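input06.cif (mmCIF, C-alpha atoms and all ligand atoms)
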```cif
data_entry
#
loop_
_atom_site.label_atom_id
_atom_site.label_comp_id
_atom_site.auth_asym_id
_atom_site.auth_seq_id
_atom_site.Cartn_x
_atom_site.Cartn_y
_atom_site.Cartn_z
CA MET Q 1 73.67 139.00 101.19
CA LYS Q 2 72.40 135.42 101.17
CA ILE Q 3 75.04 132.79 101.86
CA LEU Q 4 74.67 129.03 101.54
CA VAL Q 5 76.96 127.19 103.97
CA THR Q 6 77.46 123.47 103.25
CA GLY Q 7 78.61 121.44 106.27
CA GLY Q 8 77.58 124.43 108.38
CA LEU Q 9 76.92 122.41 111.54
CA GLY Q 10 80.48 121.06 111.61
CA PHE Q 11 83.47 122.48 113.48
CA ILE Q 12 84.63 125.19 111.06
CA GLY Q 13 81.22 125.69 109.41
CA SER Q 14 79.44 126.46 112.70
CA HIS Q 15 82.04 129.04 113.76
CA THR Q 16 81.97 130.63 110.31
CA SER Q 17 78.16 130.74 110.36
CA VAL Q 18 78.33 132.62 113.68
CA GLU Q 19 80.79 135.18 112.29
CA LEU Q 20 78.69 135.61 109.13
CA ILE Q 21 75.45 136.13 111.09
CA ASN Q 22 77.21 138.59 113.42
CA LYS Q 23 78.23 140.59 110.35
CA GLY Q 24 74.64 140.69 109.06
CA TYR Q 25 74.74 137.95 106.41
CA ASP Q 26 71.61 135.86 105.84
CA VAL Q 27 72.86 132.29 106.34
CA THR Q 28 71.27 129.07 105.09
CA ILE Q 29 72.95 125.87 106.30
CA ILE Q 30 72.83 122.44 104.74
CA ASP Q 31 74.39 119.40 106.37
CA ASN Q 32 73.67 115.67 106.33
CA LEU Q 33 74.70 115.40 110.02
CA VAL Q 34 77.17 112.59 109.28
CA ASN Q 35 79.70 114.30 111.56
CA SER Q 36 77.62 116.86 113.44
CA ASN Q 37 74.59 117.23 115.61
CA ILE Q 38 71.38 119.17 115.09
CA SER Q 39 71.86 120.76 118.55
CA VAL Q 40 74.57 122.96 116.98
CA LEU Q 41 71.80 124.90 115.24
CA LYS Q 42 70.23 125.85 118.57
CA ASN Q 43 73.63 126.86 119.89
CA ILE Q 44 74.32 129.08 116.88
CA GLU Q 45 70.99 130.73 117.70
CA LYS Q 46 71.96 131.12 121.38
CA ILE Q 47 75.18 132.89 120.37
CA THR Q 48 73.83 135.12 117.61
CA GLY Q 49 70.14 135.52 118.48
CA ILE Q 50 69.29 134.29 114.97
CA ARG Q 51 68.37 130.76 113.93
CA PRO Q 52 69.73 130.20 110.43
CA GLU Q 53 67.57 128.35 107.93
CA PHE Q 54 68.61 124.68 107.98
CA HIS Q 55 68.03 121.77 105.61
CA LYS Q 56 69.24 118.22 106.14
CA ILE Q 57 70.62 117.46 102.70
CA ASP Q 58 73.25 115.01 101.55
CA LEU Q 59 75.28 116.63 98.79
CA ARG Q 60 75.84 113.24 97.20
CA ASN Q 61 72.19 113.25 96.10
CA LYS Q 62 72.54 114.92 92.76
CA ASN Q 63 69.34 116.91 92.37
CA GLU Q 64 68.36 117.53 95.97
CA LEU Q 65 69.80 121.05 96.05
CA LYS Q 66 68.05 122.01 92.82
CA LYS Q 67 64.73 120.69 94.16
CA LYS Q 68 65.04 122.31 97.58
CA PHE Q 69 66.30 125.68 96.38
CA ARG Q 70 64.37 125.97 93.10
CA SER Q 71 63.57 129.66 93.64
CA ASN Q 72 66.40 130.66 96.02
CA ILE Q 73 69.26 132.90 94.99
CA PHE Q 74 72.55 132.82 96.90
CA ASN Q 75 75.16 135.56 96.53
CA GLY Q 76 77.77 133.35 98.12
CA VAL Q 77 78.42 129.68 98.84
CA ILE Q 78 80.93 128.39 101.40
CA HIS Q 79 81.64 124.72 100.89
CA PHE Q 80 82.80 122.95 104.05
CA ALA Q 81 80.89 119.68 103.67
CA ALA Q 82 83.36 116.81 103.45
CA LEU Q 83 84.69 113.84 105.36
CA LYS Q 84 88.08 114.63 106.92
CA SER Q 85 89.64 111.56 108.50
CA VAL Q 86 92.96 110.67 106.89
CA SER Q 87 92.96 107.13 108.31
CA GLU Q 88 89.34 106.43 107.31
CA SER Q 89 90.13 107.65 103.80
CA VAL Q 90 92.98 105.13 103.50
CA LYS Q 91 90.60 102.33 104.54
CA ASN Q 92 87.76 103.49 102.29
CA PRO Q 93 89.04 105.63 99.41
CA GLU Q 94 85.83 105.23 97.40
CA LEU Q 95 83.83 106.90 100.17
CA TYR Q 96 86.11 109.95 100.04
CA LEU Q 97 85.87 110.21 96.27
CA THR Q 98 82.09 110.08 96.36
CA ASN Q 99 81.50 112.13 99.46
CA ASN Q 100 84.06 114.84 98.84
CA VAL Q 101 84.52 114.95 95.06
CA GLU Q 102 81.08 113.94 93.71
CA ALA Q 103 79.45 116.18 96.31
CA THR Q 104 81.54 119.14 95.11
CA LYS Q 105 80.58 118.41 91.48
CA ASN Q 106 76.90 118.36 92.48
CA LEU Q 107 77.28 121.67 94.27
CA LEU Q 108 78.99 123.26 91.24
CA ASP Q 109 76.24 121.93 89.01
CA PHE Q 110 73.63 123.53 91.29
CA ILE Q 111 75.46 126.89 91.33
CA ALA Q 112 75.86 126.84 87.53
CA SER Q 113 72.17 126.04 87.04
CA LYS Q 114 71.25 129.36 88.67
CA ASN Q 115 72.96 131.47 85.99
CA ARG Q 116 73.58 134.16 88.58
CA LYS Q 117 76.77 135.76 89.89
CA THR Q 118 77.93 133.58 92.79
CA ASN Q 119 81.02 133.81 94.96
CA LEU Q 120 82.34 130.43 96.09
CA ILE Q 121 84.75 129.69 98.93
CA PHE Q 122 86.18 126.18 99.20
CA SER Q 123 87.73 124.49 102.28
CA SER Q 124 91.09 123.19 101.18
CA SER Q 125 94.04 122.13 103.27
CA CYS Q 126 97.77 122.67 103.63
CA THR Q 127 97.93 118.91 103.19
CA VAL Q 128 98.08 119.58 99.41
CA TYR Q 129 101.71 120.77 99.82
CA GLY Q 130 102.94 117.58 101.54
CA GLN Q 131 106.40 118.11 103.05
CA ALA Q 132 107.30 121.38 101.34
CA LYS Q 133 110.95 121.94 100.49
CA LYS Q 134 110.90 125.55 101.70
CA LEU Q 135 109.49 126.98 104.95
CA PRO Q 136 107.37 128.96 105.53
CA ILE Q 137 105.20 127.46 102.80
CA ASN Q 138 103.98 129.96 100.26
CA GLU Q 139 101.36 129.42 97.57
CA SER Q 140 103.99 128.86 94.85
CA SER Q 141 105.04 125.71 96.64
CA PRO Q 142 103.99 122.81 94.39
CA VAL Q 143 100.90 120.75 95.09
CA VAL Q 144 102.29 117.24 95.41
CA LYS Q 145 101.05 113.70 94.93
CA GLN Q 146 98.91 113.00 97.98
CA GLU Q 147 99.60 110.20 100.43
CA SER Q 148 95.95 109.78 101.38
CA PRO Q 149 92.64 109.72 99.48
CA TYR Q 150 91.55 112.56 101.80
CA GLY Q 151 94.41 114.76 100.56
CA GLU Q 152 93.71 113.63 97.00
CA SER Q 153 90.05 114.66 97.36
CA LYS Q 154 91.09 118.21 98.36
CA LYS Q 155 93.50 118.42 95.42
CA ILE Q 156 90.85 117.19 92.94
CA CYS Q 157 88.17 119.53 94.32
CA GLU Q 158 90.47 122.55 93.92
CA GLU Q 159 91.04 121.50 90.29
CA ILE Q 160 87.39 120.96 89.42
CA ILE Q 161 86.43 124.30 90.96
CA ARG Q 162 89.16 126.09 89.01
CA ASN Q 163 88.12 124.30 85.78
CA GLU Q 164 84.48 125.26 86.27
CA ILE Q 165 85.39 128.91 86.88
CA VAL Q 166 87.50 129.02 83.71
CA ILE Q 167 84.37 128.31 81.64
CA ASN Q 168 81.71 129.94 83.81
CA LYS Q 169 81.88 133.70 84.11
CA ASN Q 170 79.10 133.70 86.71
CA ILE Q 171 81.30 132.09 89.33
CA ASN Q 172 84.26 133.62 91.14
CA GLY Q 173 86.05 131.47 93.66
CA ILE Q 174 88.70 131.08 96.30
CA SER Q 175 90.21 127.97 97.86
CA LEU Q 176 91.43 128.53 101.39
CA ARG Q 177 94.23 126.19 102.36
CA TYR Q 178 93.87 125.89 106.12
CA PHE Q 179 96.78 125.01 108.35
CA ASN Q 180 95.78 123.53 111.77
CA PRO Q 181 92.55 124.96 113.22
CA ILE Q 182 92.17 124.66 117.01
CA GLY Q 183 89.99 126.03 119.80
CA ALA Q 184 86.31 126.67 120.29
CA HIS Q 185 83.86 129.55 120.63
CA GLU Q 186 84.39 131.61 123.81
CA SER Q 187 80.83 130.76 124.90
CA SER Q 188 81.68 127.00 124.89
CA LEU Q 189 78.44 126.51 122.97
CA ILE Q 190 80.13 125.30 119.79
CA GLY Q 191 83.45 123.53 119.24
CA GLU Q 192 85.09 120.50 117.70
CA HIS Q 193 83.25 117.16 117.91
CA PRO Q 194 85.67 114.43 116.83
CA LYS Q 195 84.12 111.11 115.84
CA GLY Q 196 85.55 108.27 117.97
CA ILE Q 197 89.17 108.60 119.02
CA PRO Q 198 90.50 112.00 117.89
CA GLU Q 199 93.26 111.92 115.28
CA ASN Q 200 94.21 115.57 115.80
CA LEU Q 201 96.45 116.72 118.62
CA VAL Q 202 94.33 119.31 120.46
CA PRO Q 203 91.10 117.32 120.83
CA TYR Q 204 93.26 114.38 121.90
CA ILE Q 205 94.97 116.51 124.57
CA THR Q 206 91.68 117.85 125.96
CA GLN Q 207 90.13 114.36 126.04
CA PHE Q 208 93.24 113.05 127.82
CA ALA Q 209 93.18 115.93 130.31
CA ILE Q 210 89.51 115.28 131.17
CA GLY Q 211 90.22 111.54 131.63
CA LYS Q 212 88.51 110.20 128.51
CA ARG Q 213 91.80 108.84 127.08
CA LYS Q 214 94.25 106.73 129.08
CA GLU Q 215 97.49 108.01 127.59
CA LEU Q 216 98.81 110.88 125.54
CA ILE Q 217 101.54 109.76 123.15
CA ILE Q 218 103.81 112.14 121.34
CA PHE Q 219 104.41 110.70 117.91
CA GLY Q 220 108.19 110.86 117.73
CA ASN Q 221 110.81 113.13 119.32
CA ASP Q 222 113.63 112.39 116.90
CA TYR Q 223 112.67 114.80 114.13
CA PRO Q 224 115.20 117.43 113.03
CA THR Q 225 113.46 120.28 114.92
CA ILE Q 226 114.34 122.36 117.98
CA ASP Q 227 113.00 119.74 120.45
CA GLY Q 228 112.66 116.73 118.14
CA THR Q 229 108.86 117.00 117.71
CA CYS Q 230 106.92 118.05 114.60
CA ILE Q 231 106.08 121.66 113.80
CA ARG Q 232 102.64 122.91 112.76
CA ASP Q 233 100.90 126.26 112.32
CA TYR Q 234 98.00 126.21 114.79
CA ILE Q 235 95.32 128.78 114.01
CA HIS Q 236 92.48 129.91 116.28
CA ILE Q 237 89.10 128.78 114.93
CA LYS Q 238 87.71 132.32 115.28
CA ASP Q 239 90.47 133.69 113.04
CA LEU Q 240 89.90 130.93 110.52
CA ALA Q 241 86.15 131.63 110.53
CA ASN Q 242 86.84 135.31 109.91
CA ALA Q 243 89.11 134.48 106.99
CA HIS Q 244 85.97 133.20 105.20
CA VAL Q 245 84.11 136.43 105.86
CA SER Q 246 87.10 138.44 104.57
CA ALA Q 247 87.37 136.23 101.47
CA LEU Q 248 83.66 136.72 100.73
CA GLU Q 249 83.97 140.50 101.16
CA PHE Q 250 86.97 140.45 98.81
CA LEU Q 251 85.04 138.51 96.16
CA SER Q 252 81.99 140.73 96.49
CA LYS Q 253 84.13 143.72 95.45
CA MET Q 254 85.79 141.78 92.60
CA LYS Q 255 85.40 143.45 89.20
CA LYS Q 256 86.95 140.58 87.20
CA GLU Q 257 85.06 137.63 85.79
CA ASN Q 258 86.33 134.05 85.97
CA PHE Q 259 88.39 134.95 89.05
CA TYR Q 260 89.93 132.01 90.92
CA ASP Q 261 92.78 131.96 93.42
CA PHE Q 262 93.99 130.06 96.49
CA PHE Q 263 95.36 131.36 99.78
CA ASN Q 264 97.07 129.92 102.83
CA VAL Q 265 95.27 130.51 106.11
CA GLY Q 266 97.58 130.22 109.09
CA THR Q 267 99.40 132.44 111.57
CA GLY Q 268 102.82 132.26 109.90
CA ARG Q 269 104.34 130.79 113.08
CA GLY Q 270 105.41 127.21 113.67
CA THR Q 271 104.94 125.49 117.04
CA THR Q 272 106.29 122.09 118.05
CA VAL Q 273 104.16 119.44 119.74
CA LEU Q 274 106.08 119.92 123.02
CA GLU Q 275 105.69 123.70 122.83
CA LEU Q 276 101.96 123.32 122.32
CA ILE Q 277 101.67 120.98 125.29
CA LYS Q 278 103.58 123.49 127.45
CA ILE Q 279 101.25 126.32 126.39
CA PHE Q 280 98.24 124.11 127.23
CA GLU Q 281 99.70 123.31 130.67
CA ASP Q 282 100.57 126.94 131.49
CA THR Q 283 97.28 128.36 130.20
CA ASN Q 284 95.02 125.89 131.94
CA ASN Q 285 97.18 125.09 134.95
CA ILE Q 286 97.19 121.37 134.23
CA LYS Q 287 100.13 118.98 134.08
CA LEU Q 288 99.99 116.50 131.19
CA LYS Q 289 101.84 113.23 131.80
CA TYR Q 290 102.58 112.37 128.21
CA LYS Q 291 104.72 109.55 126.80
CA ILE Q 292 107.02 109.56 123.82
CA GLY Q 293 106.03 107.04 121.15
CA ASN Q 294 106.92 106.12 117.60
CA ARG Q 295 106.54 108.43 114.65
CA ARG Q 296 103.06 108.36 113.04
CA ALA Q 297 103.13 107.04 109.48
CA GLY Q 298 102.62 109.78 106.92
CA ASP Q 299 103.44 112.68 109.29
CA ILE Q 300 105.38 115.54 107.83
CA ILE Q 301 108.16 117.15 109.86
CA ALA Q 302 107.23 120.78 109.64
CA ALA Q 303 104.54 122.91 108.04
CA TYR Q 304 103.79 126.57 108.67
CA ALA Q 305 102.31 129.14 106.38
CA ASP Q 306 103.69 132.10 104.55
CA ILE Q 307 100.67 134.39 104.93
CA LYS Q 308 101.81 137.39 102.87
CA LYS Q 309 99.43 136.60 100.03
CA ILE Q 310 96.24 136.61 102.13
CA ASN Q 311 97.51 139.58 104.20
CA THR Q 312 98.23 141.78 101.22
CA THR Q 313 95.48 140.67 98.81
CA ILE Q 314 92.53 140.11 101.12
CA GLY Q 315 93.67 142.11 104.14
CA TRP Q 316 93.07 139.26 106.61
CA TYR Q 317 95.33 138.67 109.64
CA ALA Q 318 95.16 136.15 112.50
CA LYS Q 319 94.59 138.02 115.76
CA ASN Q 320 94.21 135.39 118.48
CA THR Q 321 96.89 133.48 120.38
CA ILE Q 322 97.44 129.73 120.70
CA SER Q 323 97.05 130.19 124.45
CA ASN Q 324 93.56 131.66 123.95
CA ALA Q 325 92.67 128.84 121.55
CA LEU Q 326 93.82 126.23 124.08
CA LYS Q 327 91.83 127.93 126.83
CA THR Q 328 88.64 127.83 124.75
CA ALA Q 329 89.36 124.21 123.68
CA TRP Q 330 89.69 123.19 127.35
CA ASN Q 331 86.55 125.10 128.41
CA TRP Q 332 84.67 123.38 125.57
CA GLU Q 333 85.87 119.93 126.68
CA LYS Q 334 84.78 120.63 130.27
CA GLN Q 335 81.39 121.83 129.05
CA GLN Q 336 80.94 118.65 126.97
CA SER Q 337 81.83 116.52 129.94
CA LYS Q 338 79.25 118.36 132.13
CA LEU Q 339 76.57 117.78 129.50
CA ASN Q 340 77.44 114.07 129.31
CA ASP Q 341 77.24 113.76 133.11
CA ASN Q 342 73.70 115.17 133.18
P1 LIG P 401 83.46 118.62 110.29
O1 LIG P 401 83.39 117.17 110.05
O2 LIG P 401 83.29 119.11 111.68
O3 LIG P 401 82.40 119.38 109.35
C1 LIG P 401 82.03 118.92 108.08
C2 LIG P 401 80.50 118.90 108.02
O4 LIG P 401 80.10 118.45 106.73
C3 LIG P 401 79.89 117.96 109.04
O5 LIG P 401 78.89 118.65 109.78
C4 LIG P 401 79.28 116.84 108.20
O6 LIG P 401 78.11 116.31 108.80
C5 LIG P 401 79.03 117.55 106.88
N1 LIG P 401 79.05 116.67 105.69
C6 LIG P 401 79.98 115.77 105.35
N2 LIG P 401 79.65 115.17 104.19
C7 LIG P 401 78.48 115.72 103.78
C8 LIG P 401 77.62 115.52 102.67
N3 LIG P 401 77.88 114.60 101.73
N4 LIG P 401 76.51 116.28 102.55
C9 LIG P 401 76.21 117.22 103.50
N5 LIG P 401 76.97 117.42 104.58
C10 LIG P 401 78.09 116.69 104.73
O7 LIG P 401 84.86 119.12 109.67
P2 LIG P 401 85.57 120.53 109.82
O8 LIG P 401 86.78 120.35 110.65
O9 LIG P 401 84.60 121.57 110.16
O10 LIG P 401 86.08 120.72 108.33
C11 LIG P 401 85.35 121.50 107.38
C12 LIG P 401 86.09 121.46 106.06
O11 LIG P 401 87.41 121.95 106.24
C13 LIG P 401 86.23 120.06 105.46
O12 LIG P 401 86.08 120.19 104.06
C14 LIG P 401 87.65 119.67 105.81
O13 LIG P 401 88.18 118.76 104.89
C15 LIG P 401 88.36 121.02 105.71
N6 LIG P 401 89.59 121.10 106.51
C16 LIG P 401 89.53 120.83 107.85
C17 LIG P 401 90.70 120.90 108.61
C18 LIG P 401 90.66 120.61 110.09
O14 LIG P 401 91.74 120.44 110.67
N7 LIG P 401 89.51 120.58 110.75
C19 LIG P 401 91.92 121.24 108.00
C20 LIG P 401 91.93 121.51 106.63
C21 LIG P 401 90.75 121.43 105.90
C1 LIG P 402 96.49 115.97 110.17
C2 LIG P 402 96.28 115.26 108.84
C3 LIG P 402 96.11 116.28 107.72
C4 LIG P 402 95.00 117.28 108.05
C5 LIG P 402 95.33 117.94 109.40
C6 LIG P 402 94.30 118.93 109.85
C7 LIG P 402 97.55 113.15 109.02
C8 LIG P 402 98.74 112.38 108.54
N1 LIG P 402 97.41 114.40 108.56
O1 LIG P 402 97.66 116.65 110.09
O2 LIG P 402 95.82 115.64 106.51
O3 LIG P 402 94.91 118.26 107.03
O4 LIG P 402 95.44 116.91 110.40
O5 LIG P 402 93.10 118.27 110.11
O6 LIG P 402 96.76 112.65 109.79
N2 LIG P 402 100.33 114.27 117.50
C9 LIG P 402 100.85 113.58 118.58
N3 LIG P 402 100.00 112.84 119.34
C10 LIG P 402 98.68 112.73 119.08
C11 LIG P 402 98.14 113.45 117.96
C12 LIG P 402 99.01 114.19 117.19
O7 LIG P 402 102.05 113.65 118.86
O8 LIG P 402 97.96 112.02 119.80
C13 LIG P 402 101.25 115.10 116.69
C14 LIG P 402 101.34 114.66 115.23
O9 LIG P 402 102.32 113.70 115.05
C15 LIG P 402 101.68 116.01 114.57
C16 LIG P 402 101.00 117.06 115.46
O10 LIG P 402 100.73 116.42 116.69
O11 LIG P 402 103.06 116.20 114.63
C17 LIG P 402 99.70 117.59 114.87
O12 LIG P 402 98.90 116.49 114.51
P1 LIG P 402 97.43 116.64 113.88
O13 LIG P 402 96.61 117.49 114.78
O14 LIG P 402 96.93 115.29 113.56
O15 LIG P 402 97.63 117.48 112.56
P2 LIG P 402 98.53 117.21 111.25
O16 LIG P 402 99.56 116.20 111.53
O17 LIG P 402 98.99 118.52 110.77
#
```

Show this structure as structure tokens.
Amino acid sequence: MKILVTGGLGFIGSHTSVELINKGYDVTIIDNLVNSNISVLKNIEKITGIRPEFHKIDLRNKNELKKKFRSNIFNGVIHFAALKSVSESVKNPELYLTNNVEATKNLLDFIASKNRKTNLIFSSSCTVYGQAKKLPINESSPVVKQESPYGESKKICEEIIRNEIVINKNINGISLRYFNPIGAHESSLIGEHPKGIPENLVPYITQFAIGKRKELIIFGNDYPTIDGTCIRDYIHIKDLANAHVSALEFLSKMKKENFYDFFNVGTGRGTTVLELIKIFEDTNNIKLKYKIGNRRAGDIIAAYADIKKINTTIGWYAKNTISNALKTAWNWEKQQSKLNDN
């Protein structure tokens, strides 16, 4: 089975490529390296013993895929390539429309041009639900008007993929709506590489713990939750990576044509910011001297997934603990710091 992985040198793409290679898939990665480093390729090879084919391609360039892969056939495509900073998207919405939406259109155009059965998995986000009225959030929860161009780009991409599949019986597809991926590979060879100051909680914590950030601020402790801090569904990166493999396996057995559906990918459990910090401290034997600050604009109070649909339809379950994810995240941070010292 030949799989094209877009954005395959990024955080989720690199872990998914490892899981795919370990299961015997033949992986080709494309990435424009805007938020990743070519060294990830070598590290995927160190982990798996196989160096996947790699091409530096920017998906915004309309015909580059067609030119590069004129005679290649892919059974599956996993589309991770996108920009993901909420704050950057607010400052530069046009960039997010071009990079995330136009790029997805170009990819669909390439897949359609092949006239061959192709299974497509798309990286979506729980952000499409906004602050859901009912918790846990199931897939019937409405997709709401997005507060950021980043969220809007995910919503639009889901729609254009679904619309393409309605008219193209060669493509079957799934959008995976991720909750909050955390952690790193147990080898510490691949992990999350935030650009500049991390916006997400776990990379911020690890950078604070190693001394790269002066203070760790908790964004509000006056929310209506058990300890006043926001609730999220933190999922181990290895579990998330495996969800893609399971989704591909599911599509490869699919008898229907024009099949499209979307699934939550989370653990089904909510954890507050303070609970997560406590798990980090206990797991890694480190005390974090955090401060309480103001609420962050745009934050939702609580989001955790109802995972019945993916459990029962695809047969995927999260297996790893938050503690294990926070151990691997910390080991990864220490490894990065060693590399920077040398
Ligand atoms: P990442 O930035 O680590 O990986 C994305 C990769 O895509 C990077 O290697 C980047 O260089 C590449 N890329 C970006 N634009 C490209 C383009 N035009 N052409 C070719 N390559 C391009 O991000 P990630 O955390 O691995 O996220 C992967 C996907 O999952 C994204 O679509 C993101 O929106 C989505 N997602 C991420 C999260 C999260 O918390 N990390 C949550 C929900 C959804
Ligand atoms: C953010 C994005 C969302 C994206 C998701 C996963 C926003 C508004 N939303 O959501 O679109 O899909 O990441 O990439 O940015 N926190 C602190 N201190 C910090 C950092 C975070 O207290 O220094 C808190 C936040 O307020 C939040 C929780 O930690 O309550 C998790 O934050 P984060 O990791 O940014 O994820 P999301 O808020 O879910």

Seminar exercise, completed: For ligand LIG 402 (chain P), the closest of Q:Ala81, Q:Leu41, Q:Ile30, Q:Leu201 counting all atoms listed in the file is Q:Leu201

For this session: Determine the nearest neighbour of Ile301 (chain Q) from the options Q:Leu9, Q:Ile226, Q:Cys157, Q:Leu59, counting only C-alpha atoms.
Result: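 Nearest to Ile301 (chain Q): Q:Ile226.
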
8 Å per side around ligand LIG 402 (chain P): axis-aligned box centre and edge lengths, as JSON:
```
{"center_x": 98.1, "center_y": 115.5, "center_z": 113.2, "size_x": 26.0, "size_y": 22.9, "size_z": 29.3}
```

For this session: Taking all atoms listed in the file into account, report as a ChimeraX atom specification which residues have an atom no farther than 8 Å from an atom of ligand LIG 401 (chain P).
Result: /Q:6-14,30-37,56-60,79-84,99-100,103,122-127,150,154,177-182,192-194,200

Problem set entry | Expected residue set, 9 Å radius at (104.2, 104.6, 119.7), only C-alpha atoms, as a list in words | Ile217, Ile218, Phe219, Gly220, Lys291, Ile292, Gly293, Asn294, Arg295 and Arg296 of chain Q

Exercise. Which one is closest to Ile156 (chain Q): Q:Leu97, Q:Ile190, Q:Ile3, Q:Ala302? Count all atoms listed in the file.
Worked result: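 Closest to Ile156 (chain Q), using all atoms listed in the file: Q:Leu97.
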
Seminar exercise, completed: Across Q:Arg232, Q:Lys334, Q:Arg70, Q:Lys289, the smallest distance to ligand LIG 402 (chain P), with all atoms listed in the file counted, is shown by Q:Arg232

Exercise. Within 12 Å of (95.7, 123.0, 133.4), only C-alpha atoms: residues as a list of chain:residue names?
Worked result: Q:Ile205, Q:Thr206, Q:Phe208, Q:Ala209, Q:Ile210, Q:Ile277, Q:Lys278, Q:Ile279, Q:Phe280, Q:Glu281, Q:Asp282, Q:Thr283, Q:Asn284, Q:Asn285, Q:Ile286, Q:Lys287, Q:Leu288, Q:Lys289, Q:Ser323, Q:Leu326, Q:Lys327, Q:Ala329, Q:Trp330, Q:Asn331, Q:Lys334

For this session: State, in Å with one decimal place, the distance from CA of Asp26 (chain Q) to CA of Asn320 (chain Q).
Result: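 For CA of Asp26 (chain Q) relative to CA of Asn320 (chain Q), the distance reads 25.9 Å.
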
For this session: Find the residues around region 107-110 of chain Q up to 8 Å (all atoms listed in the file counted), leave out those fewer than 2 positions away in its own chain, and share them as a PyMOL selection string.
Result: chain Q and resi 59+63+65-66+103-105+112-114+161+164

Exercise. Interatomic distance between CA of Gly191 (chain Q) and CA of Val40 (chain Q)?
Worked result: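 CA of Val40 (chain Q) lies at a distance of 9.2 Å from CA of Gly191 (chain Q).
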
Problem set entry | Residue among Q:Gly211, Q:Gly268, Q:Pro142, Q:Gly130 lying closest to ligand LIG 402 (chain P), counting all atoms listed in the file |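 Smallest separation from ligand LIG 402 (chain P) among the options: Q:Gly130.
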
Exercise. For ligand LIG 402 (chain P), which of Q:Ala184, Q:Ile197, Q:Ala241, Q:Leu20 is the closest residue, counting only C-alpha atoms and all ligand atoms?
Worked result: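 The answer is Q:Ile197, which sits nearest to ligand LIG 402 (chain P).
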
Residues at most 12 Å from Lys23 (chain Q), counting only C-alpha atoms, excluding those fewer than 3 positions away in the same chain, as a short mmCIF file (atom, residue, chain, number, x, y, z; two decimals) with C-alpha atoms, keeping the file's coordinate frame?
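Below is the file that was written, around_16.cif:
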```cif
data_model
loop_
_atom_site.label_atom_id
_atom_site.label_comp_id
_atom_site.auth_asym_id
_atom_site.auth_seq_id
_atom_site.Cartn_x
_atom_site.Cartn_y
_atom_site.Cartn_z
CA MET Q 1 73.67 139.00 101.19
CA ILE Q 3 75.04 132.79 101.86
CA THR Q 16 81.97 130.63 110.31
CA SER Q 17 78.16 130.74 110.36
CA VAL Q 18 78.33 132.62 113.68
CA GLU Q 19 80.79 135.18 112.29
CA LEU Q 20 78.69 135.61 109.13
CA ASP Q 26 71.61 135.86 105.84
CA VAL Q 27 72.86 132.29 106.34
CA THR Q 48 73.83 135.12 117.61
CA ILE Q 50 69.29 134.29 114.97
CA ALA Q 241 86.15 131.63 110.53
CA ASN Q 242 86.84 135.31 109.91
CA HIS Q 244 85.97 133.20 105.20
CA VAL Q 245 84.11 136.43 105.86
CA SER Q 246 87.10 138.44 104.57
CA LEU Q 248 83.66 136.72 100.73
CA GLU Q 249 83.97 140.50 101.16
#
```

Exercise. CA of Arg51 (chain Q) and CA of Ala318 (chain Q) are how many Å apart?
Worked result: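 These atoms are spaced 27.4 Å apart.
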
Exercise. Which residues, written as a PyMOL selection string, have at least one atom at most 8 Å from Gly151 (chain Q), with all atoms listed in the file counted and residues fewer than 2 positions away on the same chain left out?
Worked result: chain Q and resi 86+125+127-128+146-149+153-155
